[in-house]
file query_38.cif (mmCIF, C-alpha atoms, pLDDT in the B column; chains and numbers go by the auth columns)
data_upload
loop_
_atom_site.group_PDB
_atom_site.id
_atom_site.type_symbol
_atom_site.label_atom_id
_atom_site.label_comp_id
_atom_site.label_asym_id
_atom_site.label_seq_id
_atom_site.Cartn_x
_atom_site.Cartn_y
_atom_site.Cartn_z
_atom_site.B_iso_or_equiv
_atom_site.auth_seq_id
_atom_site.auth_asym_id
ATOM 1 C CA MET A 1 -122.874 -121.896 64.706 40.00 1 A
ATOM 2 C CA ALA A 2 -120.770 -119.209 66.434 44.00 2 A
ATOM 3 C CA LEU A 3 -117.923 -117.784 64.409 45.00 3 A
ATOM 4 C CA ASP A 4 -114.468 -116.818 65.669 41.00 4 A
ATOM 5 C CA THR A 5 -114.601 -113.775 67.893 38.00 5 A
ATOM 6 C CA GLU A 6 -111.904 -112.157 65.751 42.00 6 A
ATOM 7 C CA MET A 7 -114.562 -111.706 63.066 42.00 7 A
ATOM 8 C CA ASP A 8 -117.042 -110.004 65.365 46.00 8 A
ATOM 9 C CA ASP A 9 -117.697 -106.298 65.100 47.00 9 A
ATOM 10 C CA VAL A 10 -117.213 -104.135 68.161 46.00 10 A
ATOM 11 C CA PRO A 11 -120.011 -105.088 70.614 45.00 11 A
ATOM 12 C CA GLY A 12 -122.995 -102.765 70.349 45.00 12 A
ATOM 13 C CA ARG A 13 -121.744 -101.079 67.185 54.00 13 A
ATOM 14 C CA SER A 14 -124.093 -101.188 64.215 75.00 14 A
ATOM 15 C CA VAL A 15 -122.806 -101.531 60.657 81.00 15 A
ATOM 16 C CA VAL A 16 -124.116 -98.043 59.854 80.00 16 A
ATOM 17 C CA ARG A 17 -122.257 -96.514 62.799 84.00 17 A
ATOM 18 C CA SER A 18 -119.091 -98.337 61.755 87.00 18 A
ATOM 19 C CA VAL A 19 -119.339 -97.049 58.187 88.00 19 A
ATOM 20 C CA PHE A 20 -119.818 -93.454 59.344 86.00 20 A
ATOM 21 C CA ALA A 21 -116.934 -93.786 61.803 86.00 21 A
ATOM 22 C CA LEU A 22 -114.647 -94.773 58.932 91.00 22 A
ATOM 23 C CA LEU A 23 -115.921 -91.940 56.720 88.00 23 A
ATOM 24 C CA ARG A 24 -115.334 -89.395 59.502 84.00 24 A
ATOM 25 C CA GLU A 25 -111.726 -90.511 59.919 86.00 25 A
ATOM 26 C CA LEU A 26 -111.109 -90.472 56.174 87.00 26 A
ATOM 27 C CA ARG A 27 -112.645 -87.014 55.749 81.00 27 A
ATOM 28 C CA GLU A 28 -110.453 -85.527 58.493 75.00 28 A
ATOM 29 C CA GLU A 29 -107.255 -86.506 56.682 76.00 29 A
ATOM 30 C CA THR A 30 -105.685 -84.734 53.729 70.00 30 A
ATOM 31 C CA GLY A 31 -104.254 -87.988 52.383 77.00 31 A
ATOM 32 C CA PRO A 32 -104.976 -91.727 52.301 87.00 32 A
ATOM 33 C CA ILE A 33 -105.033 -93.740 55.558 89.00 33 A
ATOM 34 C CA GLY A 34 -104.009 -97.353 56.089 91.00 34 A
ATOM 35 C CA VAL A 35 -106.223 -100.064 57.553 92.00 35 A
ATOM 36 C CA SER A 36 -104.136 -100.362 60.739 91.00 36 A
ATOM 37 C CA THR A 37 -104.501 -96.647 61.461 91.00 37 A
ATOM 38 C CA LEU A 38 -108.240 -96.715 60.822 93.00 38 A
ATOM 39 C CA ALA A 39 -108.642 -99.754 63.065 91.00 39 A
ATOM 40 C CA ARG A 40 -106.733 -98.060 65.884 89.00 40 A
ATOM 41 C CA ARG A 41 -108.695 -94.816 65.608 87.00 41 A
ATOM 42 C CA THR A 42 -112.144 -96.400 65.378 88.00 42 A
ATOM 43 C CA GLY A 43 -111.573 -99.291 67.789 87.00 43 A
ATOM 44 C CA MET A 44 -112.668 -101.845 65.186 90.00 44 A
ATOM 45 C CA PRO A 45 -110.780 -105.042 64.307 91.00 45 A
ATOM 46 C CA LYS A 46 -108.580 -104.719 61.194 90.00 46 A
ATOM 47 C CA SER A 47 -110.546 -107.516 59.512 88.00 47 A
ATOM 48 C CA THR A 48 -113.798 -105.590 60.040 89.00 48 A
ATOM 49 C CA VAL A 49 -112.289 -102.358 58.718 91.00 49 A
ATOM 50 C CA GLN A 50 -110.926 -104.125 55.634 90.00 50 A
ATOM 51 C CA ARG A 51 -114.255 -105.832 54.922 89.00 51 A
ATOM 52 C CA LEU A 52 -116.253 -102.607 55.252 91.00 52 A
ATOM 53 C CA LEU A 53 -113.840 -100.614 53.080 91.00 53 A
ATOM 54 C CA VAL A 54 -114.066 -103.101 50.218 89.00 54 A
ATOM 55 C CA GLN A 55 -117.859 -103.047 50.383 87.00 55 A
ATOM 56 C CA MET A 56 -117.912 -99.232 50.632 88.00 56 A
ATOM 57 C CA ALA A 57 -115.630 -99.011 47.592 86.00 57 A
ATOM 58 C CA ALA A 58 -118.168 -100.961 45.558 82.00 58 A
ATOM 59 C CA GLU A 59 -120.636 -98.133 46.214 80.00 59 A
ATOM 60 C CA GLY A 60 -118.135 -95.372 45.424 79.00 60 A
ATOM 61 C CA ALA A 61 -117.911 -94.073 49.003 86.00 61 A
ATOM 62 C CA VAL A 62 -114.159 -94.733 49.306 88.00 62 A
ATOM 63 C CA GLU A 63 -111.229 -95.404 46.983 85.00 63 A
ATOM 64 C CA ARG A 64 -108.007 -97.356 47.376 85.00 64 A
ATOM 65 C CA VAL A 65 -104.697 -95.560 46.898 83.00 65 A
ATOM 66 C CA GLY A 66 -101.944 -98.163 46.965 81.00 66 A
ATOM 67 C CA ARG A 67 -102.371 -99.975 50.294 83.00 67 A
ATOM 68 C CA ALA A 68 -104.285 -97.069 51.860 88.00 68 A
ATOM 69 C CA TRP A 69 -107.778 -95.599 51.532 90.00 69 A
ATOM 70 C CA THR A 70 -109.389 -92.223 51.013 87.00 70 A
ATOM 71 C CA VAL A 71 -112.902 -90.824 50.562 85.00 71 A
ATOM 72 C CA GLY A 72 -114.322 -91.344 47.059 79.00 72 A
ATOM 73 C CA ARG A 73 -114.165 -88.367 44.721 67.00 73 A
ATOM 74 C CA SER A 74 -117.803 -87.927 45.599 49.00 74 A
ATOM 75 C CA LEU A 75 -120.256 -90.249 47.270 50.00 75 A
ATOM 76 C CA GLY A 76 -122.402 -89.996 44.168 39.00 76 A
ATOM 77 C CA ARG A 77 -119.664 -90.404 41.594 39.00 77 A
ATOM 78 C CA PRO A 78 -117.507 -93.544 41.996 40.00 78 A
ATOM 79 C CA GLY A 79 -113.808 -93.392 41.252 44.00 79 A
ATOM 80 C CA PRO A 80 -111.930 -95.857 39.016 44.00 80 A
ATOM 81 C CA GLY A 81 -111.386 -98.476 41.724 49.00 81 A
ATOM 82 C CA SER A 82 -115.018 -98.547 42.743 48.00 82 A
ATOM 83 C CA ARG A 83 -116.211 -98.783 39.132 51.00 83 A
ATOM 84 C CA SER A 84 -114.177 -101.947 38.685 63.00 84 A
ATOM 85 C CA LEU A 85 -115.739 -103.546 41.767 67.00 85 A
ATOM 86 C CA SER A 86 -119.224 -102.503 40.699 66.00 86 A
ATOM 87 C CA GLY A 87 -118.531 -103.908 37.235 74.00 87 A
ATOM 88 C CA LEU A 88 -117.409 -107.195 38.719 80.00 88 A
ATOM 89 C CA ARG A 89 -120.588 -107.414 40.776 80.00 89 A
ATOM 90 C CA HIS A 90 -122.672 -106.566 37.711 80.00 90 A
ATOM 91 C CA LEU A 91 -121.124 -109.449 35.760 85.00 91 A
ATOM 92 C CA THR A 92 -121.342 -111.926 38.602 90.00 92 A
ATOM 93 C CA ARG A 93 -124.690 -111.359 40.333 88.00 93 A
ATOM 94 C CA PRO A 94 -127.004 -112.888 37.666 93.00 94 A
ATOM 95 C CA ARG A 95 -124.907 -116.061 37.698 94.00 95 A
ATOM 96 C CA LEU A 96 -124.833 -116.219 41.490 95.00 96 A
ATOM 97 C CA ARG A 97 -128.612 -115.834 41.496 94.00 97 A
ATOM 98 C CA ARG A 98 -129.131 -118.643 38.975 95.00 98 A
ATOM 99 C CA ILE A 99 -126.971 -121.053 40.975 96.00 99 A
ATOM 100 C CA ALA A 100 -128.750 -120.106 44.204 95.00 100 A
ATOM 101 C CA MET A 101 -132.204 -120.576 42.675 95.00 101 A
ATOM 102 C CA SER A 102 -131.393 -123.918 41.036 95.00 102 A
ATOM 103 C CA THR A 103 -129.520 -125.501 43.961 95.00 103 A
ATOM 104 C CA GLY A 104 -130.717 -123.748 47.131 95.00 104 A
ATOM 105 C CA ALA A 105 -127.114 -122.809 47.910 96.00 105 A
ATOM 106 C CA SER A 106 -126.031 -119.416 49.143 94.00 106 A
ATOM 107 C CA THR A 107 -123.545 -117.994 46.644 95.00 107 A
ATOM 108 C CA PHE A 108 -120.852 -115.375 47.078 94.00 108 A
ATOM 109 C CA LEU A 109 -118.472 -113.102 45.187 92.00 109 A
ATOM 110 C CA LEU A 110 -115.272 -112.318 47.077 90.00 110 A
ATOM 111 C CA VAL A 111 -111.963 -110.588 46.531 87.00 111 A
ATOM 112 C CA GLY A 112 -108.647 -111.625 48.043 84.00 112 A
ATOM 113 C CA ASP A 113 -107.529 -108.489 49.790 69.00 113 A
ATOM 114 C CA GLY A 114 -104.708 -108.022 52.296 63.00 114 A
ATOM 115 C CA ALA A 115 -105.812 -109.925 55.378 66.00 115 A
ATOM 116 C CA GLY A 116 -107.776 -112.504 53.372 78.00 116 A
ATOM 117 C CA PRO A 117 -111.034 -112.932 51.469 86.00 117 A
ATOM 118 C CA VAL A 118 -113.635 -110.168 51.715 83.00 118 A
ATOM 119 C CA THR A 119 -117.235 -110.736 50.605 84.00 119 A
ATOM 120 C CA LEU A 120 -118.318 -108.251 47.954 82.00 120 A
ATOM 121 C CA ASP A 121 -121.728 -109.712 47.079 84.00 121 A
ATOM 122 C CA GLN A 122 -124.016 -112.500 48.277 87.00 122 A
ATOM 123 C CA VAL A 123 -127.221 -114.230 47.194 89.00 123 A
ATOM 124 C CA SER A 124 -128.974 -116.178 49.968 89.00 124 A
ATOM 125 C CA GLY A 125 -130.055 -119.706 49.112 91.00 125 A
ATOM 126 C CA SER A 126 -133.308 -121.293 50.277 92.00 126 A
ATOM 127 C CA LEU A 127 -131.464 -124.186 51.965 94.00 127 A
ATOM 128 C CA VAL A 128 -129.227 -121.879 53.992 91.00 128 A
ATOM 129 C CA ASP A 129 -131.166 -118.707 54.707 76.00 129 A
ATOM 130 C CA PRO A 130 -132.902 -117.937 57.107 72.00 130 A
ATOM 131 C CA ALA A 131 -131.104 -120.576 59.214 77.00 131 A
ATOM 132 C CA ILE A 132 -127.975 -118.397 59.026 81.00 132 A
ATOM 133 C CA PRO A 133 -128.393 -114.610 58.722 78.00 133 A
ATOM 134 C CA PRO A 134 -126.879 -113.171 55.504 74.00 134 A
ATOM 135 C CA GLU A 135 -124.406 -111.021 57.460 72.00 135 A
ATOM 136 C CA TRP A 136 -123.052 -114.124 59.231 79.00 136 A
ATOM 137 C CA GLN A 137 -122.754 -115.869 55.891 81.00 137 A
ATOM 138 C CA MET A 138 -120.741 -112.967 54.465 77.00 138 A
ATOM 139 C CA ARG A 139 -118.428 -112.796 57.472 80.00 139 A
ATOM 140 C CA ALA A 140 -117.740 -116.528 57.528 87.00 140 A
ATOM 141 C CA ALA A 141 -115.366 -116.220 54.553 87.00 141 A
ATOM 142 C CA ALA A 142 -112.871 -114.316 56.716 84.00 142 A
ATOM 143 C CA HIS A 143 -112.360 -117.382 58.929 91.00 143 A
ATOM 144 C CA PRO A 144 -108.909 -118.917 58.270 92.00 144 A
ATOM 145 C CA ALA A 145 -110.504 -122.361 57.849 95.00 145 A
ATOM 146 C CA SER A 146 -113.130 -121.189 55.343 95.00 146 A
ATOM 147 C CA ALA A 147 -113.202 -122.562 51.812 97.00 147 A
ATOM 148 C CA ALA A 148 -112.401 -119.073 50.499 95.00 148 A
ATOM 149 C CA SER A 149 -109.309 -118.731 52.707 94.00 149 A
ATOM 150 C CA LEU A 150 -108.158 -122.218 51.733 96.00 150 A
ATOM 151 C CA ALA A 151 -108.753 -121.508 48.034 95.00 151 A
ATOM 152 C CA LEU A 152 -106.566 -118.398 48.251 93.00 152 A
ATOM 153 C CA THR A 153 -103.834 -120.455 49.899 93.00 153 A
ATOM 154 C CA VAL A 154 -103.828 -123.196 47.242 93.00 154 A
ATOM 155 C CA GLY A 155 -104.639 -120.861 44.344 91.00 155 A
ATOM 156 C CA GLY A 156 -107.509 -123.033 43.146 93.00 156 A
ATOM 157 C CA THR A 157 -110.651 -124.764 44.382 95.00 157 A
ATOM 158 C CA ALA A 158 -111.120 -125.730 48.039 97.00 158 A
ATOM 159 C CA VAL A 159 -113.899 -127.296 50.123 97.00 159 A
ATOM 160 C CA GLU A 160 -114.581 -127.269 53.863 97.00 160 A
ATOM 161 C CA HIS A 161 -117.133 -129.467 55.608 96.00 161 A
ATOM 162 C CA GLY A 162 -118.589 -127.912 58.759 95.00 162 A
ATOM 163 C CA SER A 163 -115.350 -126.538 60.193 93.00 163 A
ATOM 164 C CA VAL A 164 -116.511 -122.901 60.103 93.00 164 A
ATOM 165 C CA VAL A 165 -120.275 -123.088 60.633 92.00 165 A
ATOM 166 C CA PRO A 166 -121.325 -126.476 62.043 93.00 166 A
ATOM 167 C CA GLY A 167 -123.874 -128.202 59.838 94.00 167 A
ATOM 168 C CA TYR A 168 -122.860 -126.412 56.655 96.00 168 A
ATOM 169 C CA GLU A 169 -120.245 -127.011 53.966 97.00 169 A
ATOM 170 C CA CYS A 170 -118.721 -124.598 51.511 97.00 170 A
ATOM 171 C CA LEU A 171 -116.800 -124.627 48.222 98.00 171 A
ATOM 172 C CA ALA A 172 -114.741 -121.773 46.763 97.00 172 A
ATOM 173 C CA THR A 173 -112.827 -121.327 43.522 96.00 173 A
ATOM 174 C CA VAL A 174 -110.263 -118.642 42.632 94.00 174 A
ATOM 175 C CA PHE A 175 -109.988 -116.649 39.425 89.00 175 A
ATOM 176 C CA GLN A 176 -107.488 -113.907 38.615 83.00 176 A
ATOM 177 C CA LEU A 177 -108.391 -110.283 38.012 77.00 177 A
ATOM 178 C CA ALA A 178 -106.421 -108.255 35.492 68.00 178 A
ATOM 179 C CA SER A 179 -104.966 -106.253 38.396 64.00 179 A
ATOM 180 C CA GLY A 180 -103.264 -109.413 39.640 71.00 180 A
ATOM 181 C CA ASN A 181 -105.532 -109.698 42.668 75.00 181 A
ATOM 182 C CA ALA A 182 -107.659 -112.781 43.211 87.00 182 A
ATOM 183 C CA GLY A 183 -111.411 -112.973 42.754 90.00 183 A
ATOM 184 C CA LEU A 184 -113.366 -115.856 44.266 93.00 184 A
ATOM 185 C CA LEU A 185 -116.740 -117.497 43.787 96.00 185 A
ATOM 186 C CA SER A 186 -118.144 -119.527 46.653 97.00 186 A
ATOM 187 C CA ALA A 187 -121.233 -121.567 47.540 97.00 187 A
ATOM 188 C CA ALA A 188 -122.594 -122.979 50.807 96.00 188 A
ATOM 189 C CA LEU A 189 -125.072 -125.795 51.475 96.00 189 A
ATOM 190 C CA PRO A 190 -126.181 -127.877 54.458 96.00 190 A
ATOM 191 C CA LEU A 191 -123.641 -130.539 55.382 96.00 191 A
ATOM 192 C CA GLY A 192 -124.020 -133.689 53.298 95.00 192 A
ATOM 193 C CA SER A 193 -125.667 -131.950 50.331 94.00 193 A
ATOM 194 C CA GLY A 194 -122.754 -132.759 48.046 93.00 194 A
ATOM 195 C CA ILE A 195 -121.151 -129.351 47.713 96.00 195 A
ATOM 196 C CA ASP A 196 -118.339 -130.961 45.689 95.00 196 A
ATOM 197 C CA ARG A 197 -120.754 -131.418 42.787 94.00 197 A
ATOM 198 C CA LEU A 198 -120.834 -127.639 42.311 95.00 198 A
ATOM 199 C CA ALA A 199 -117.086 -127.447 41.604 95.00 199 A
ATOM 200 C CA ARG A 200 -117.419 -127.785 37.830 94.00 200 A
ATOM 201 C CA THR A 201 -120.251 -125.251 37.683 94.00 201 A
ATOM 202 C CA MET A 202 -118.328 -122.702 39.746 95.00 202 A
ATOM 203 C CA ASP A 203 -115.229 -123.183 37.591 93.00 203 A
ATOM 204 C CA ARG A 204 -117.241 -122.593 34.409 93.00 204 A
ATOM 205 C CA VAL A 205 -118.804 -119.444 35.826 92.00 205 A
ATOM 206 C CA ALA A 206 -115.385 -118.155 36.894 90.00 206 A
ATOM 207 C CA GLU A 207 -114.020 -118.756 33.385 88.00 207 A
ATOM 208 C CA THR A 208 -116.954 -116.915 31.826 88.00 208 A
ATOM 209 C CA ILE A 209 -116.561 -113.930 34.141 86.00 209 A
ATOM 210 C CA ASN A 210 -112.843 -113.819 33.373 80.00 210 A
ATOM 211 C CA ALA A 211 -113.563 -113.755 29.639 79.00 211 A
ATOM 212 C CA GLU A 212 -116.138 -110.971 29.962 79.00 212 A
ATOM 213 C CA ALA A 213 -114.139 -108.883 32.411 70.00 213 A
ATOM 214 C CA GLY A 214 -111.555 -107.790 29.844 62.00 214 A
ATOM 215 C CA ARG A 215 -113.551 -104.703 28.954 59.00 215 A
ATOM 216 C CA LEU A 216 -113.319 -103.549 32.580 54.00 216 A
ATOM 217 C CA ALA A 217 -109.520 -103.782 32.740 53.00 217 A
ATOM 218 C CA SER A 218 -109.108 -100.095 31.918 49.00 218 A
ATOM 219 C CA ASP A 219 -111.111 -99.251 35.061 48.00 219 A
ATOM 220 C CA GLY A 220 -108.323 -100.519 37.308 49.00 220 A
ATOM 221 C CA TRP A 221 -108.759 -104.310 37.675 45.00 221 A
#
call {"tool": "encode", "arguments": {"input": "query_38.cif", "output": "structure tokens"}}
result
Amino acid sequence: MALDTEMDDVPGRSVVRSVFALLRELREETGPIGVSTLARRTGMPKSTVQRLLVQMAAEGAVERVGRAWTVGRSLGRPGPGSRSLSGLRHLTRPRLRRIAMSTGASTFLLVGDGAGPVTLDQVSGSLVDPAIPPEWQMRAAAHPASAASLALTVGGTAVEHGSVVPGYECLATVFQLASGNAGLLSAALPLGSGIDRLARTMDRVAETINAEAGRLASDGW
């Protein structure tokens, strides 16, 4: 059940410490900083930095400026980029929860961002959690063999059967955001549960979210 070491955080570093390390670096600069620079300064892998920044942006703590990042206009007042991510989560979470409750699958909202897919939201399913901790489930999408990574490559729906986390299979489907970036919905179940049967459901949910997301386009999607 071990994941690639490239996805691991720095040994002994908690998520909270990592978040504050990024905020300290961002606050000390007068302009935006790129992921590579932040990774070098904090000693964290680029994939970890990218994942944390996307999740921090959803809470308004940071904002994207081109391919770089800066502190949010205030930690209590999200900027345009963070509002769009929060809006996407708001549209998606009730649907992720319904799928998780009806199937036992863990469900995920992701965005295709730079180095690959980054998990923005997750609902643990009864057939997956607590066998796999939620944080492991969220990080699994960054694996190059994950369904999310494969879906980004093919620009559609992809399935993987136990190649990332032994004993579990995953399906992911891509939908386009108005910004041109890719959004993804994903689900995971124990191996042999028939994850393929969720493809039509995930596609329908993605289409619905796309239709409803138009009103958020002005927020920077």
call {"tool": "residues_around", "arguments": {"input": "query_38.cif", "residues": "Val128 (chain A)", "least_positions_apart": "2", "cutoff": "8 Å", "atoms": "all atoms listed in the file", "output": "PyMOL selection string"}}
result
chain A and resi 104-106+124-126+130-132+188-190
call {"tool": "resolve_selection", "arguments": {"input": "query_38.cif", "expression": "the PyMOL selection byres ((chain A and resi 27) around 12)", "output": "number ranges by chain"}}
result
A: 20-26, 28-33, 38, 61-62, 69-75
call {"tool": "resolve_selection", "arguments": {"input": "query_38.cif", "expression": "the PyMOL selection byres ((chain A and resi 173) around 9)", "output": "ChimeraX atom specification"}}
result
/A:147-148,151-152,155-159,171-172,174-175,183-186,199,202-203,206
call {"tool": "closest_residue", "arguments": {"input": "query_38.cif", "among": "A:Ser102, A:Trp136, A:Pro166, A:Thr119", "to": "Val54 (chain A)", "atoms": "only C-alpha atoms"}}
result
A:Thr119
call {"tool": "closest_residue", "arguments": {"input": "query_38.cif", "among": "A:Thr103, A:Ser36, A:Ser47, A:Thr201", "to": "His143 (chain A)", "atoms": "only C-alpha atoms"}}
result
A:Ser47
call {"tool": "atom_distance", "arguments": {"input": "query_38.cif", "atom1": "CA of Gly180 (chain A)", "atom2": "CA of Pro144 (chain A)"}}
result
21.7 Å
call {"tool": "resolve_selection", "arguments": {"input": "query_38.cif", "expression": "the PyMOL selection byres ((chain A and resi 18) around 10)", "output": "PDB file with C-alpha atoms, in the coordinates of the input"}}
result
ATOM      1  CA  ASP A   9    -117.697-106.298  65.100  1.00 47.00           C
ATOM      2  CA  VAL A  10    -117.213-104.135  68.161  1.00 46.00           C
ATOM      3  CA  ARG A  13    -121.744-101.079  67.185  1.00 54.00           C
ATOM      4  CA  SER A  14    -124.093-101.188  64.215  1.00 75.00           C
ATOM      5  CA  VAL A  15    -122.806-101.531  60.657  1.00 81.00           C
ATOM      6  CA  VAL A  16    -124.116 -98.043  59.854  1.00 80.00           C
ATOM      7  CA  ARG A  17    -122.257 -96.514  62.799  1.00 84.00           C
ATOM      8  CA  VAL A  19    -119.339 -97.049  58.187  1.00 88.00           C
ATOM      9  CA  PHE A  20    -119.818 -93.454  59.344  1.00 86.00           C
ATOM     10  CA  ALA A  21    -116.934 -93.786  61.803  1.00 86.00           C
ATOM     11  CA  LEU A  22    -114.647 -94.773  58.932  1.00 91.00           C
ATOM     12  CA  LEU A  23    -115.921 -91.940  56.720  1.00 88.00           C
ATOM     13  CA  ARG A  24    -115.334 -89.395  59.502  1.00 84.00           C
ATOM     14  CA  THR A  42    -112.144 -96.400  65.378  1.00 88.00           C
ATOM     15  CA  GLY A  43    -111.573 -99.291  67.789  1.00 87.00           C
ATOM     16  CA  MET A  44    -112.668-101.845  65.186  1.00 90.00           C
ATOM     17  CA  THR A  48    -113.798-105.590  60.040  1.00 89.00           C
ATOM     18  CA  VAL A  49    -112.289-102.358  58.718  1.00 91.00           C
ATOM     19  CA  LEU A  52    -116.253-102.607  55.252  1.00 91.00           C
TER      20      LEU A  52
END
call {"tool": "closest_residue", "arguments": {"input": "query_38.cif", "among": "A:Val65, A:Val154, A:Cys170, A:Met56", "to": "Leu198 (chain A)", "atoms": "all atoms listed in the file"}}
result
A:Cys170
call {"tool": "atom_distance", "arguments": {"input": "query_38.cif", "atom1": "CA of Met101 (chain A)", "atom2": "CA of Ser193 (chain A)"}}
result
15.2 Å
call {"tool": "closest_residue", "arguments": {"input": "query_38.cif", "among": "A:Gly34, A:Arg93, A:Arg139, A:Val205", "to": "Glu63 (chain A)", "atoms": "all atoms listed in the file"}}
result
A:Gly34
call {"tool": "closest_residue", "arguments": {"input": "query_38.cif", "among": "A:Asn181, A:Val123, A:Gly194, A:Gly116", "to": "Ser149 (chain A)", "atoms": "only C-alpha atoms"}}
result
A:Gly116
call {"tool": "atom_distance", "arguments": {"input": "query_38.cif", "atom1": "CA of Val165 (chain A)", "atom2": "CA of Ser146 (chain A)"}}
result
9.1 Å
call {"tool": "build_atoms", "arguments": {"input": "query_38.cif", "residues": "region 47-59 of chain A", "atoms": "N, CA, C and O atoms", "output": "short mmCIF file (atom, residue, chain, number, x, y, z; two decimals), keeping the file's coordinate frame"}}
result
data_model
loop_
_atom_site.label_atom_id
_atom_site.label_comp_id
_atom_site.auth_asym_id
_atom_site.auth_seq_id
_atom_site.Cartn_x
_atom_site.Cartn_y
_atom_site.Cartn_z
N SER A 47 -109.79 -106.72 60.48
CA SER A 47 -110.55 -107.52 59.51
C SER A 47 -111.90 -106.87 59.21
O SER A 47 -112.37 -106.89 58.07
N THR A 48 -112.52 -106.27 60.24
CA THR A 48 -113.80 -105.59 60.04
C THR A 48 -113.61 -104.34 59.19
O THR A 48 -114.39 -104.07 58.26
N VAL A 49 -112.57 -103.56 59.49
CA VAL A 49 -112.29 -102.36 58.72
C VAL A 49 -112.04 -102.70 57.26
O VAL A 49 -112.60 -102.07 56.34
N GLN A 50 -111.23 -103.73 57.01
CA GLN A 50 -110.93 -104.12 55.63
C GLN A 50 -112.18 -104.55 54.89
O GLN A 50 -112.42 -104.16 53.74
N ARG A 51 -113.02 -105.35 55.55
CA ARG A 51 -114.26 -105.83 54.92
C ARG A 51 -115.18 -104.67 54.57
O ARG A 51 -115.73 -104.60 53.46
N LEU A 52 -115.36 -103.74 55.50
CA LEU A 52 -116.25 -102.61 55.25
C LEU A 52 -115.72 -101.71 54.14
O LEU A 52 -116.48 -101.22 53.30
N LEU A 53 -114.41 -101.48 54.11
CA LEU A 53 -113.84 -100.61 53.08
C LEU A 53 -114.06 -101.18 51.68
O LEU A 53 -114.39 -100.44 50.75
N VAL A 54 -113.86 -102.49 51.53
CA VAL A 54 -114.07 -103.10 50.22
C VAL A 54 -115.52 -102.96 49.79
O VAL A 54 -115.82 -102.64 48.64
N GLN A 55 -116.44 -103.16 50.72
CA GLN A 55 -117.86 -103.05 50.38
C GLN A 55 -118.25 -101.59 50.12
O GLN A 55 -119.07 -101.30 49.24
N MET A 56 -117.65 -100.65 50.87
CA MET A 56 -117.91 -99.23 50.63
C MET A 56 -117.36 -98.79 49.28
O MET A 56 -117.95 -97.96 48.59
N ALA A 57 -116.22 -99.36 48.89
CA ALA A 57 -115.63 -99.01 47.59
C ALA A 57 -116.54 -99.41 46.45
O ALA A 57 -116.59 -98.74 45.41
N ALA A 58 -117.25 -100.51 46.61
CA ALA A 58 -118.17 -100.96 45.56
C ALA A 58 -119.30 -99.97 45.34
O ALA A 58 -119.91 -99.95 44.27
N GLU A 59 -119.58 -99.13 46.34
CA GLU A 59 -120.64 -98.13 46.21
C GLU A 59 -120.07 -96.75 45.92
O GLU A 59 -120.82 -95.77 45.84
#
